[in-house]
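Chemist: Coordinates in start-v7.txt, compact mmCIF, C-alpha atoms and all ligand atoms, are listed below.
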```
# COMPACT_ATOMS: atom_id res chain seq x y z
CA MET A 1 -5.74 -16.64 2.82
CA ASP A 2 -8.64 -18.24 1.02
CA PRO A 3 -7.70 -21.72 -0.21
CA ARG A 4 -9.23 -20.71 -3.54
CA ASP A 5 -6.18 -18.49 -4.04
CA GLU A 6 -3.85 -21.43 -4.36
CA LYS A 7 -5.93 -22.94 -7.13
CA GLY A 8 -5.74 -19.83 -9.26
CA LYS A 9 -3.38 -18.72 -11.98
CA ILE A 10 -0.47 -16.35 -11.66
CA TRP A 11 0.69 -14.14 -14.51
CA TYR A 12 4.39 -14.93 -14.91
CA ASN A 13 6.40 -13.06 -17.57
CA GLY A 14 3.41 -12.92 -19.87
CA LYS A 15 2.01 -16.42 -19.29
CA PHE A 16 -0.63 -17.78 -16.96
CA VAL A 17 0.79 -20.49 -14.75
CA ASN A 18 -0.70 -22.55 -11.94
CA TRP A 19 -0.19 -21.24 -8.42
CA TRP A 20 2.26 -24.00 -7.42
CA ASP A 21 4.23 -23.78 -10.65
CA ALA A 22 5.15 -20.11 -10.18
CA LYS A 23 8.65 -20.74 -8.82
CA ILE A 24 12.08 -19.12 -8.85
CA HIS A 25 15.62 -20.35 -8.36
CA VAL A 26 17.15 -20.03 -4.87
CA MET A 27 20.11 -18.16 -6.32
CA SER A 28 17.87 -15.40 -7.68
CA HIS A 29 19.36 -11.96 -7.10
CA ALA A 30 16.28 -10.52 -5.35
CA LEU A 31 16.38 -13.17 -2.65
CA HIS A 32 19.96 -12.28 -1.73
CA TYR A 33 19.98 -8.52 -2.22
CA GLY A 34 16.39 -7.28 -1.92
CA SER A 35 16.20 -6.23 -5.58
CA SER A 36 12.44 -6.37 -6.03
CA PHE A 37 9.70 -3.82 -6.66
CA PHE A 38 6.06 -4.37 -5.97
CA GLU A 39 2.56 -2.98 -5.82
CA GLY A 40 -0.59 -3.70 -3.89
CA ILE A 41 -3.81 -3.03 -5.78
CA ARG A 42 -7.39 -3.85 -4.90
CA CYS A 43 -10.21 -4.98 -7.14
CA TYR A 44 -13.73 -4.53 -5.77
CA GLY A 45 -17.01 -6.11 -6.76
CA THR A 46 -19.39 -3.40 -8.03
CA PRO A 47 -22.84 -3.57 -9.66
CA LYS A 48 -21.11 -3.00 -13.03
CA GLY A 49 -18.61 -5.82 -12.47
CA PRO A 50 -15.18 -6.14 -10.87
CA ALA A 51 -13.49 -2.73 -10.63
CA ILE A 52 -9.75 -2.19 -10.14
CA PHE A 53 -8.85 0.88 -8.11
CA ARG A 54 -6.38 3.30 -9.72
CA LEU A 55 -4.70 0.60 -11.77
CA ARG A 56 -2.74 2.97 -14.02
CA GLU A 57 -1.23 4.89 -11.09
CA HIS A 58 -0.13 1.67 -9.40
CA MET A 59 1.52 0.29 -12.55
CA GLN A 60 3.23 3.62 -13.20
CA ARG A 61 4.59 3.57 -9.64
CA LEU A 62 5.90 0.03 -10.21
CA ILE A 63 7.84 1.19 -13.25
CA ASP A 64 9.09 4.26 -11.38
CA SER A 65 10.20 2.19 -8.36
CA ALA A 66 12.31 0.02 -10.66
CA LYS A 67 13.66 3.01 -12.56
CA ILE A 68 15.09 4.52 -9.37
CA TYR A 69 17.19 1.34 -9.17
CA ARG A 70 18.21 1.58 -12.86
CA THR A 71 15.97 -1.36 -13.63
CA GLU A 72 13.79 -1.43 -16.71
CA ILE A 73 10.60 -3.44 -16.52
CA PRO A 74 10.12 -5.09 -19.92
CA TYR A 75 6.41 -4.18 -20.10
CA THR A 76 4.59 -0.90 -20.56
CA VAL A 77 2.00 0.46 -18.15
CA ASP A 78 -0.71 -0.47 -20.63
CA GLU A 79 0.57 -4.02 -20.96
CA LEU A 80 0.71 -4.43 -17.19
CA MET A 81 -2.82 -3.05 -16.90
CA GLN A 82 -4.11 -5.45 -19.55
CA ALA A 83 -2.31 -8.38 -17.90
CA THR A 84 -4.05 -7.53 -14.63
CA ILE A 85 -7.45 -7.33 -16.26
CA ASP A 86 -6.86 -10.67 -18.02
CA LEU A 87 -5.73 -12.24 -14.75
CA ILE A 88 -8.90 -11.21 -12.94
CA LYS A 89 -10.93 -12.70 -15.80
CA VAL A 90 -8.91 -15.93 -15.99
CA ASN A 91 -9.35 -16.44 -12.26
CA ASP A 92 -13.02 -15.48 -12.50
CA LEU A 93 -12.77 -13.09 -9.54
CA GLN A 94 -15.10 -10.35 -8.39
CA SER A 95 -12.78 -8.88 -5.79
CA ALA A 96 -9.11 -9.45 -5.06
CA TYR A 97 -5.89 -8.07 -3.68
CA ILE A 98 -3.52 -7.85 -6.63
CA ARG A 99 0.23 -8.14 -6.13
CA PRO A 100 2.45 -7.20 -9.09
CA LEU A 101 6.13 -7.86 -8.43
CA ALA A 102 9.20 -7.23 -10.55
CA PHE A 103 12.49 -8.73 -9.41
CA ARG A 104 16.00 -9.54 -10.49
CA GLY A 105 16.06 -13.25 -11.16
CA TYR A 106 18.74 -15.89 -11.52
CA HIS A 107 21.97 -15.37 -13.39
CA SER A 108 24.99 -14.63 -11.26
CA LEU A 109 25.79 -13.85 -7.66
CA GLY A 110 27.21 -10.50 -6.57
CA VAL A 111 25.74 -7.09 -5.81
CA ASP A 112 25.80 -6.07 -9.50
CA PRO A 113 22.30 -6.97 -10.72
CA THR A 114 22.74 -6.00 -14.35
CA GLN A 115 23.11 -9.52 -15.76
CA CYS A 116 20.17 -10.89 -13.79
CA PRO A 117 16.90 -11.00 -15.76
CA VAL A 118 14.04 -8.73 -14.72
CA GLU A 119 11.13 -11.05 -14.07
CA VAL A 120 7.55 -9.86 -13.55
CA ILE A 121 4.70 -11.66 -11.88
CA ILE A 122 1.19 -10.66 -10.93
CA GLY A 123 -0.56 -12.67 -8.25
CA VAL A 124 -4.08 -12.38 -6.88
CA LEU A 125 -5.20 -13.16 -3.36
CA ASN A 126 -8.30 -12.90 -1.32
CA TRP A 127 -7.02 -10.50 1.35
CA GLY A 128 -9.62 -9.48 3.89
CA LYS A 129 -9.36 -6.69 6.41
CA TYR A 130 -5.65 -5.90 6.76
CA LEU A 131 -5.72 -4.63 10.33
CA GLY A 132 -8.46 -6.91 11.67
CA GLU A 133 -12.20 -7.35 11.19
CA GLU A 134 -13.26 -4.65 13.62
CA ALA A 135 -10.57 -2.16 12.64
CA LEU A 136 -12.52 -0.18 10.06
CA ALA A 137 -15.35 0.64 12.46
CA LYS A 138 -13.64 0.65 15.85
CA GLY A 139 -10.07 1.64 15.10
CA VAL A 140 -6.76 0.08 15.99
CA ASP A 141 -4.30 0.40 18.87
CA VAL A 142 -0.83 1.38 17.72
CA ARG A 143 2.50 2.43 19.15
CA VAL A 144 5.21 4.81 18.05
CA SER A 145 8.00 2.59 16.85
CA SER A 146 11.45 2.69 18.37
CA TRP A 147 12.71 2.10 14.81
CA ASN A 148 13.15 5.15 12.58
CA ARG A 149 12.43 5.36 8.86
CA ALA A 150 15.69 5.64 6.95
CA ARG A 151 16.68 9.24 6.27
CA ALA A 152 16.55 10.76 2.80
CA ASN A 153 19.21 9.63 0.32
CA THR A 154 19.64 6.21 1.92
CA TYR A 155 16.80 3.88 0.93
CA PRO A 156 14.63 5.91 -1.45
CA SER A 157 11.13 5.94 -0.01
CA LEU A 158 9.48 6.79 -3.33
CA ALA A 159 10.53 3.35 -4.53
CA LYS A 160 8.26 0.61 -3.31
CA ALA A 161 11.20 -1.77 -3.19
CA GLY A 162 11.35 -5.09 -1.35
CA GLY A 163 14.39 -4.02 0.65
CA ASN A 164 12.49 -1.12 2.24
CA TYR A 165 10.21 -3.62 3.90
CA LEU A 166 12.92 -4.87 6.23
CA ASN A 167 12.47 -1.59 8.08
CA SER A 168 8.69 -2.11 7.90
CA GLN A 169 9.09 -5.58 9.36
CA LEU A 170 11.06 -4.24 12.33
CA ILE A 171 8.25 -1.77 12.99
CA LYS A 172 5.48 -4.33 12.60
CA LEU A 173 7.18 -7.09 14.60
CA GLU A 174 7.97 -4.77 17.49
CA ALA A 175 4.40 -3.48 17.57
CA MET A 176 2.91 -6.98 17.56
CA ALA A 177 5.35 -8.26 20.18
CA ASP A 178 4.10 -5.50 22.46
CA GLY A 179 0.41 -6.19 21.80
CA TYR A 180 -0.28 -3.45 19.27
CA THR A 181 -1.76 -3.84 15.82
CA GLU A 182 0.69 -1.54 14.08
CA GLY A 183 3.60 0.84 14.62
CA ILE A 184 4.15 4.42 13.49
CA SER A 185 7.64 5.29 12.34
CA ILE A 186 9.49 8.51 13.05
CA ASP A 187 11.94 9.92 10.53
CA ALA A 188 15.61 10.67 11.14
CA ASN A 189 14.72 14.28 12.07
CA GLY A 190 12.22 13.19 14.69
CA PHE A 191 9.03 13.82 12.74
CA VAL A 192 6.16 11.41 12.15
CA ALA A 193 6.54 9.39 8.93
CA GLU A 194 4.03 6.57 8.38
CA GLY A 195 2.94 3.09 9.44
CA SER A 196 4.79 -0.05 8.37
CA GLY A 197 2.47 -0.26 5.35
CA GLU A 198 0.17 2.76 5.63
CA ASN A 199 0.19 6.55 5.43
CA ILE A 200 -1.09 8.59 8.35
CA PHE A 201 -3.49 11.52 8.76
CA ILE A 202 -3.98 13.58 11.93
CA VAL A 203 -7.06 15.73 12.56
CA ARG A 204 -6.87 18.59 15.04
CA ASP A 205 -9.20 21.58 15.32
CA ASN A 206 -10.81 20.66 11.99
CA VAL A 207 -7.53 20.75 10.09
CA ILE A 208 -6.18 17.53 8.59
CA HIS A 209 -2.40 17.13 8.67
CA THR A 210 -0.31 14.56 6.83
CA PRO A 211 3.44 14.30 6.24
CA PRO A 212 4.51 15.78 2.88
CA ALA A 213 4.84 13.40 -0.05
CA TYR A 214 8.23 14.74 -1.09
CA GLY A 215 9.54 16.23 2.16
CA SER A 216 9.41 13.24 4.46
CA PRO A 217 10.62 9.66 3.94
CA ILE A 218 7.25 8.13 3.14
CA LEU A 219 5.73 6.21 0.30
CA PRO A 220 3.34 8.74 -1.27
CA GLY A 221 0.38 6.41 -1.21
CA ILE A 222 -2.29 6.27 -3.84
CA THR A 223 -4.92 5.87 -1.14
CA ARG A 224 -3.35 8.87 0.60
CA ASN A 225 -3.80 10.88 -2.59
CA SER A 226 -7.40 9.66 -2.85
CA ALA A 227 -8.15 10.66 0.75
CA ILE A 228 -6.69 14.12 0.13
CA ARG A 229 -8.90 14.60 -2.92
CA ILE A 230 -12.00 13.39 -1.12
CA ALA A 231 -11.29 15.65 1.86
CA THR A 232 -10.60 18.63 -0.41
CA ASP A 233 -13.88 18.06 -2.24
CA PHE A 234 -15.70 18.03 1.10
CA GLY A 235 -14.20 21.48 1.70
CA MET A 236 -11.99 20.24 4.52
CA THR A 237 -8.69 21.98 5.21
CA ILE A 238 -5.78 19.69 4.60
CA LYS A 239 -2.12 20.49 5.17
CA GLU A 240 0.99 18.58 4.21
CA SER A 241 3.44 19.40 6.96
CA MET A 242 6.06 17.95 9.25
CA ILE A 243 4.30 16.45 12.24
CA PRO A 244 5.89 16.41 15.69
CA ARG A 245 5.34 13.18 17.60
CA GLU A 246 3.39 14.88 20.36
CA LEU A 247 0.73 16.09 17.93
CA LEU A 248 -0.33 12.45 17.76
CA TYR A 249 -1.25 12.41 21.45
CA VAL A 250 -3.35 15.57 21.36
CA ALA A 251 -5.09 14.87 18.05
CA ASP A 252 -8.86 14.74 17.75
CA GLU A 253 -8.69 11.92 15.22
CA ILE A 254 -6.02 9.89 13.46
CA PHE A 255 -6.35 7.43 10.61
CA PHE A 256 -4.24 5.26 8.34
CA THR A 257 -4.65 4.93 4.59
CA GLY A 258 -3.34 2.22 2.30
CA THR A 259 -4.44 -0.24 -0.33
CA ALA A 260 -4.49 -3.08 2.18
CA ALA A 261 -5.58 -0.95 5.18
CA GLU A 262 -8.03 1.19 3.14
CA VAL A 263 -9.11 3.95 5.59
CA THR A 264 -8.57 2.66 9.14
CA PRO A 265 -9.12 4.78 12.26
CA ILE A 266 -6.53 4.76 15.06
CA ARG A 267 -8.14 4.76 18.49
CA SER A 268 -5.06 4.80 20.68
CA ILE A 269 -1.35 5.47 20.44
CA ASP A 270 1.07 4.28 23.14
CA ARG A 271 -2.02 3.40 25.23
CA MET A 272 -3.21 7.01 25.08
CA LYS A 273 -6.73 7.46 23.80
CA ILE A 274 -7.06 9.50 20.61
CA GLY A 275 -10.03 11.87 20.83
CA ASN A 276 -12.82 9.89 22.47
CA GLY A 277 -11.24 6.58 21.51
CA GLN A 278 -13.63 5.95 18.64
CA ARG A 279 -13.73 6.60 14.93
CA GLY A 280 -14.13 10.38 14.61
CA PRO A 281 -16.52 12.25 12.30
CA VAL A 282 -13.89 13.44 9.78
CA THR A 283 -12.46 9.95 9.47
CA GLU A 284 -15.92 8.51 9.06
CA GLN A 285 -16.90 10.97 6.34
CA ILE A 286 -13.76 10.29 4.28
CA GLN A 287 -13.99 6.56 4.88
CA LYS A 288 -17.66 6.45 3.89
CA ARG A 289 -17.05 8.28 0.61
CA PHE A 290 -14.03 6.09 -0.14
CA PHE A 291 -16.16 2.96 0.27
CA GLU A 292 -19.02 4.42 -1.75
CA ILE A 293 -16.61 5.00 -4.64
CA ILE A 294 -14.88 1.63 -4.55
CA ASN A 295 -18.15 -0.25 -4.15
CA GLY A 296 -19.64 1.59 -7.10
CA GLU A 297 -22.38 3.20 -4.98
CA VAL A 298 -21.67 6.72 -6.19
CA GLU A 299 -20.50 7.99 -9.54
CA ASP A 300 -16.77 7.51 -10.13
CA ARG A 301 -16.21 11.21 -10.77
CA TYR A 302 -12.44 10.91 -10.41
CA GLY A 303 -12.09 8.12 -12.98
CA TRP A 304 -10.45 5.87 -10.40
CA LEU A 305 -12.06 2.57 -11.39
CA THR A 306 -11.17 0.24 -14.24
CA ILE A 307 -14.34 -1.80 -14.71
CA ILE A 308 -13.89 -5.31 -16.09
CA SER A 309 -16.84 -6.19 -18.29
N1 LIG B 1 3.38 3.41 3.05
C1 LIG B 1 3.91 2.17 2.95
C2 LIG B 1 5.24 1.93 3.58
C3 LIG B 1 3.22 1.17 2.28
O1 LIG B 1 3.76 -0.04 2.17
C4 LIG B 1 1.96 1.44 1.73
C5 LIG B 1 1.19 0.37 1.01
C6 LIG B 1 1.43 2.74 1.85
C7 LIG B 1 2.19 3.70 2.52
C8 LIG B 1 0.13 3.14 1.24
O2 LIG B 1 0.26 3.19 -0.17
P1 LIG B 1 -1.01 2.95 -1.13
O3 LIG B 1 -1.32 1.49 -1.07
O4 LIG B 1 -0.52 3.38 -2.46
O5 LIG B 1 -2.12 3.78 -0.63
N2 LIG B 1 1.38 -0.94 1.50
C9 LIG B 1 0.99 -2.07 0.68
C10 LIG B 1 1.59 -3.37 1.18
C11 LIG B 1 1.13 -3.85 2.52
C12 LIG B 1 1.65 -5.23 2.82
O6 LIG B 1 1.55 -5.65 3.98
O7 LIG B 1 2.11 -5.94 1.90
C13 LIG B 1 -0.51 -2.15 0.51
O8 LIG B 1 -1.25 -1.54 1.27
O9 LIG B 1 -0.94 -2.85 -0.42
```
Do you think you could lay out the structure here as structure tokens?
Modeler:
Amino acid sequence: MDPRDEKGKIWYNGKFVNWWDAKIHVMSHALHYGSSFFEGIRCYGTPKGPAIFRLREHMQRLIDSAKIYRTEIPYTVDELMQATIDLIKVNDLQSAYIRPLAFRGYHSLGVDPTQCPVEVIIGVLNWGKYLGEEALAKGVDVRVSSWNRARANTYPSLAKAGGNYLNSQLIKLEAMADGYTEGISIDANGFVAEGSGENIFIVRDNVIHTPPAYGSPILPGITRNSAIRIATDFGMTIKESMIPRELLYVADEIFFTGTAAEVTPIRSIDRMKIGNGQRGPVTEQIQKRFFEIINGEVEDRYGWLTIIS
């Protein structure tokens, strides 16, 4: 983390507060019961000014995540978007990782959250390369996790809720303990799901496969959606289908997508080389276009960027 982060302002229920003043009570509901909902959004420096990637979609997902848990966020998508834009300006940032979070605050203890206030914060950080400096060019070494993703109708995967990230932490901690950068989770039916904080794409015989947004227990990522649109516009064949574990080992290329991870190649899984052990051509093509868009080097034909003037 850049020390500059801790000098900046945080948007807290509609006000800008200093980094160290953005505090909560220890008896807050979210701390005890995982009742929080969050987003990860990136802002990139472009020739036209700072540009936030798919801001509306992220704020809509935040509201939807809360709704699944019968929680109403007391701000509209437009208000949350404006707050984010103001925050980038107040902190005088060109690029940033943006973390909106809604949570049940302090009122009373007990599973019932309904009396606890819904608090909303937006923080900004200087987050560099999520999976390491060399990851984007060289790829990462990952393992298949021994931990499964929760099956459908347990912890809803469409909700980006704090509690879901306990499962993600098991996956990540196990992977790191064993010397890997990341873990890939398997769903309760034995099919490939996603990384602890990334979606996954598998390329084999010039077809790109990814687990279905609504048929597997994954977070349907906004970067995932962007990669699908880029690939489709390149004329690539892309299929949303259940993926057996062993397809990973015989793939030509595999990559992760995510706001933090962006488009990161995977070079080995369970110490087995994927393809030739380097970033493959399909991955590179999608990655290159993704970076051209976010860096403002090509026209934003999808309308993905909110430019801050
Ligand atoms: N799956 C999971 C479980 C996930 O957490 C993320 C984002 C994705 C897929 C990709 O979604 P999207 O960002 O919309 O493309 N993970 C966020 C948090 C990572 C963290 O360590 O914190 C992120 O990438 O910001």
Chemist: For ligand LIG 1 (chain B), which residue out of A:Tyr249, A:Phe38, A:Phe290, A:Trp20 is the nearest one, using only C-alpha atoms and all ligand atoms?
Modeler: A:Phe38
Chemist: Which residues sit within 9 Å of ligand LIG 1 (chain B), counting only C-alpha atoms and all ligand atoms, listed as a count of residues only?
Modeler: 41
Chemist: For atom CA of Ala152 of chain A and atom CA of Ser216 of chain A, quote the distance in Å rounded to one decimal.
Modeler: 7.7 Å
Chemist: Using all atoms listed in the file, list the residues that have an atom at most 9 Å from (-5.7, -16.0, -4.4), coordinates as in the file, as a ChimeraX atom specification.
Modeler: /A:1-10,19,91,96-98,123-127
Chemist: Env of segment 284-286 of chain A: 8 Å cut, atoms = all atoms listed in the file, seq-sep filter 4 positions within chain, self excluded. Answer as number ranges by chain.
Modeler: A: 227, 230-231, 263, 279-280, 290
Chemist: Take atom CA of Thr114 of chain A and atom CA of Asp64 of chain A and report the distance between them in Å, one decimal.
Modeler: 17.3 Å
Chemist: Which is closest to Trp147 of chain A among A:Arg267, A:His32, A:Arg104, A:Lys172, if we use all atoms listed in the file?
Modeler: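 Of A:Arg267, A:His32, A:Arg104, A:Lys172, the one nearest Trp147 of chain A is A:Lys172, counting all atoms listed in the file.
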Chemist: Taking all atoms listed in the file into account, which of A:Asn153, A:Ser65, A:Thr264, A:Thr71 comes nearest Lys288 of chain A?
Modeler: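 Nearest candidate to Lys288 of chain A out of A:Asn153, A:Ser65, A:Thr264, A:Thr71: A:Thr264.
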Chemist: I'd like to know which of A:Ala102, A:Val282, A:Ile24, A:Ala188 is closest to Tyr75 of chain A, using only C-alpha atoms.
Modeler: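 Of the candidates, the smallest distance to Tyr75 of chain A is held by A:Ala102.
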Chemist: Between A:Ala83, A:Met236, A:Val118, A:Ala177, which one has atoms that come closest to Asp205 of chain A, using only C-alpha atoms?
Modeler: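 Smallest separation from Asp205 of chain A among the options: A:Met236.
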Chemist: Take atom CA of Leu55 of chain A and atom CA of Leu93 of chain A and report the distance between them in Å, one decimal.
Modeler: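 Between these atoms lies a distance of 16.0 Å.
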Chemist: Just checking: using all atoms listed in the file, which residue out of A:Asp141, A:Ala66, A:Tyr12, A:Ser95 ends up closest to Ala51 of chain A?
Modeler: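 Among the listed residues, the smallest separation from Ala51 of chain A belongs to A:Ser95.
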Chemist: Which residues are close to Leu248 of chain A, i.e. within 9 Å by only C-alpha atoms, leaving aside same-chain residues fewer than 4 positions away? Reply as a list in words.
Modeler: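 Contacts, in chain order: Val192, Ile202, Ile243, Pro244, Asp252, Glu253, Ile254, Ile269 and Ile274 of chain A.
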Chemist: First collect every listed atom of segment 260-264 of chain A; then fit an axis-aligned box around them, widen it by 6 Å on each side, and give centre and edge lengths in Å to one decimal, as AutoDock Vina command-line options.
Modeler:
```
--center_x -6.8 --center_y 0.4 --center_z 5.7 --size_x 16.6 --size_y 19.0 --size_z 19.0
```
Chemist: For Thr306 of chain A, find every residue with an atom within 8 Å (counting all atoms listed in the file), except residues of its own chain fewer than 2 positions away, and show them as a short mmCIF file (atom, residue, chain, number, x, y, z; two decimals) with C-alpha atoms, keeping the file's coordinate frame.
Modeler:
```
data_model
loop_
_atom_site.label_atom_id
_atom_site.label_comp_id
_atom_site.auth_asym_id
_atom_site.auth_seq_id
_atom_site.Cartn_x
_atom_site.Cartn_y
_atom_site.Cartn_z
CA ALA A 51 -13.49 -2.73 -10.63
CA ILE A 52 -9.75 -2.19 -10.14
CA PHE A 53 -8.85 0.88 -8.11
CA ARG A 54 -6.38 3.30 -9.72
CA LEU A 55 -4.70 0.60 -11.77
CA TRP A 304 -10.45 5.87 -10.40
CA ILE A 308 -13.89 -5.31 -16.09
#
```
